[in-house]
There are 2 protein chains.
Amino acid sequence: MITVLRLGHRPGRDKRITTHVALVARCLGADRMIITRKDEELAERVKNVAEKFGGDFRIEFQQNWHELLRKPDWVKVHLTMYGERLSDAIPRIPKDRDLVVIVGAEKVPSFVYEMADFNVAVGNQPHSEVAALALFLDRYTEGKWEKEEMAGRLKIIPSDRGKKVVRVR
Amino acid sequence: MITVLRLGHRPGRDKRITTHVALVARCLGADRMIITRKDEELAERVKNVAEKFGGDFRIEFQQNWHELLRKPDWVKVHLTMYGERLSDAIPRIPKDRDLVVIVGAEKVPSFVYEMADFNVAVGNQPHSEVAALALFLDRYTEGKWEKEEMAGRLKIIPSDRGKKVVRVR
């Protein structure tokens, strides 16, 4: 199971970015995203996408997220521009265990750096946690997300011009 | 040269997402981002990052963006979830010509689909233009962005714990 833990989400300010984080997580093979502050509107929006376009991706709230970082059998990856290089880290990250990917909104407490098994930088440059998550999951899943079918009510048919959407059921 | 054309940027509503688009463009090897409505605050913010962390990335305003789509010698790639699969398109996109990557904020006019040489879907699922741009540029540059040095005033040293930042000059 792949869990994305979105730290420090502020419902007003971060709604759009956290929505992008959630949709990227879903599209690139994660099973759920945990946010640490309730945001029903966000959860509803993502649920609507999953209902239309398929898959079991869900959003959960968990205030007590410290516990997740203490699970001894999970692999804990923290995405930060200060971390080690993605290409150095990826070959060493176990793939046969549950994974939690930690993605911060505001400043991440320093103990997260300590508790993570891997602090990984997707480029040692300031950019975007949305992009960092996408590139990390792409490498971790070895690009398999692109071939996944999600079996929703609607399906987009790849097309070199225009829009082809079919209603599946 | 790689140009990112951000269509439909609305200075109030889209500031954060467009900032992410710009920083991703910069980090993954684009030379500039063109926005179609003036947003000095956004340009200033991105300029500050480039001054600190290096590189020549810049933001330009161009109302008359239709012209860019008429340049016959440019390769025009439009990122849309309705497009053909990334892995199908990438081998056919010429790399020896200037490239413009079109990334929409609001709904993109249908003539953009017509004028683009390639309409490319980074996953035929709704997710994020920030992630789509990152994955596209990653494939297009064959991951070379990760090894690039940008030679700014500050440099982040990859580290498995904590934060290492050095002042270069």
# chains A, B, ... in the order shown; residues from 1 in each chain; ligands from 1
>>> interface_residues(of="chain B", to="chain A", cutoff="6 Å", atoms="only C-alpha atoms", output="list of chain:residue names")
B:His20, B:Leu23, B:Val24, B:Tyr82, B:Gly83, B:Glu84, B:Tyr113, B:Asn119, B:Gly123, B:Asn124, B:His127, B:Ser128, B:Val130, B:Ala131, B:Ala134, B:Glu146, B:Ile156, B:Pro158, B:Ser159, B:Asp160, B:Arg161, B:Lys163
>>> residues_around(residues="A:Val101", least_positions_apart="4", cutoff="6 Å", atoms="only C-alpha atoms", output="list of chain:residue names")
A:Val4, A:Leu5, A:Val77, A:His78
>>> atom_distance(atom1="atom CA of A:Asn64", atom2="atom CA of A:Arg32")
16.4 Å
>>> atom_distance(atom1="atom CA of B:Val100", atom2="atom CA of B:Ile2")
5.9 Å
>>> residues_around(residues="B:Glu106", least_positions_apart="6", cutoff="10 Å", atoms="only C-alpha atoms", output="PyMOL selection string")
chain B and resi 7-10+14
>>> write_last_selection(atoms="N, CA, C and O atoms", output="PDB file, in the first residue's frame")
ATOM      1  N   LEU B   7      -1.142  29.310 -20.310  1.00  0.00           N
ATOM      2  CA  LEU B   7      -2.357  29.974 -20.801  1.00  0.00           C
ATOM      3  C   LEU B   7      -3.358  30.205 -19.677  1.00  0.00           C
ATOM      4  O   LEU B   7      -3.518  29.357 -18.799  1.00  0.00           O
ATOM      5  N   GLY B   8      -4.048  31.343 -19.735  1.00  0.00           N
ATOM      6  CA  GLY B   8      -5.203  31.569 -18.860  1.00  0.00           C
ATOM      7  C   GLY B   8      -4.860  31.852 -17.419  1.00  0.00           C
ATOM      8  O   GLY B   8      -5.705  31.693 -16.535  1.00  0.00           O
ATOM      9  N   HIS B   9      -3.627  32.261 -17.148  1.00  0.00           N
ATOM     10  CA  HIS B   9      -3.276  32.587 -15.757  1.00  0.00           C
ATOM     11  C   HIS B   9      -4.102  33.759 -15.236  1.00  0.00           C
ATOM     12  O   HIS B   9      -4.132  34.826 -15.847  1.00  0.00           O
ATOM     13  N   ARG B  10      -4.773  33.547 -14.114  1.00  0.00           N
ATOM     14  CA  ARG B  10      -5.531  34.620 -13.466  1.00  0.00           C
ATOM     15  C   ARG B  10      -4.760  35.029 -12.214  1.00  0.00           C
ATOM     16  O   ARG B  10      -4.647  34.233 -11.262  1.00  0.00           O
ATOM     17  N   ASP B  14      -4.776  32.087  -9.508  1.00  0.00           N
ATOM     18  CA  ASP B  14      -3.808  31.061  -9.933  1.00  0.00           C
ATOM     19  C   ASP B  14      -2.384  31.310  -9.469  1.00  0.00           C
ATOM     20  O   ASP B  14      -1.479  30.593  -9.878  1.00  0.00           O
TER      21      ASP B  14
END
>>> select_by_dssp(residues="stretch 109-159 of chain A", states="helix (DSSP H, G or I)", output="ChimeraX atom specification")
/A:110-115,129-140,144-147
>>> residues_around(residues="B:Leu42", least_positions_apart="3", cutoff="9 Å", atoms="only C-alpha atoms", output="mmCIF file with C-alpha atoms, in the first residue's frame")
data_model
loop_
_atom_site.group_PDB
_atom_site.id
_atom_site.type_symbol
_atom_site.label_atom_id
_atom_site.label_comp_id
_atom_site.auth_asym_id
_atom_site.auth_seq_id
_atom_site.Cartn_x
_atom_site.Cartn_y
_atom_site.Cartn_z
ATOM 1 C CA PRO B 11 -3.291 36.682 -11.160
ATOM 2 C CA LYS B 15 -0.803 32.714 -8.301
ATOM 3 C CA ARG B 16 0.358 29.711 -6.310
ATOM 4 C CA THR B 18 1.419 29.225 -11.659
ATOM 5 C CA THR B 19 4.380 29.790 -9.314
ATOM 6 C CA LYS B 38 0.835 40.658 -16.359
ATOM 7 C CA ASP B 39 1.600 39.525 -12.815
ATOM 8 C CA ARG B 45 8.971 35.858 -6.715
ATOM 9 C CA VAL B 46 10.434 33.611 -9.383
ATOM 10 C CA LYS B 47 13.229 36.085 -10.108
ATOM 11 C CA ILE B 59 9.175 35.101 -16.869
#
>>> atom_distance(atom1="atom CA of A:Val103", atom2="atom CA of B:Val103")
23.8 Å
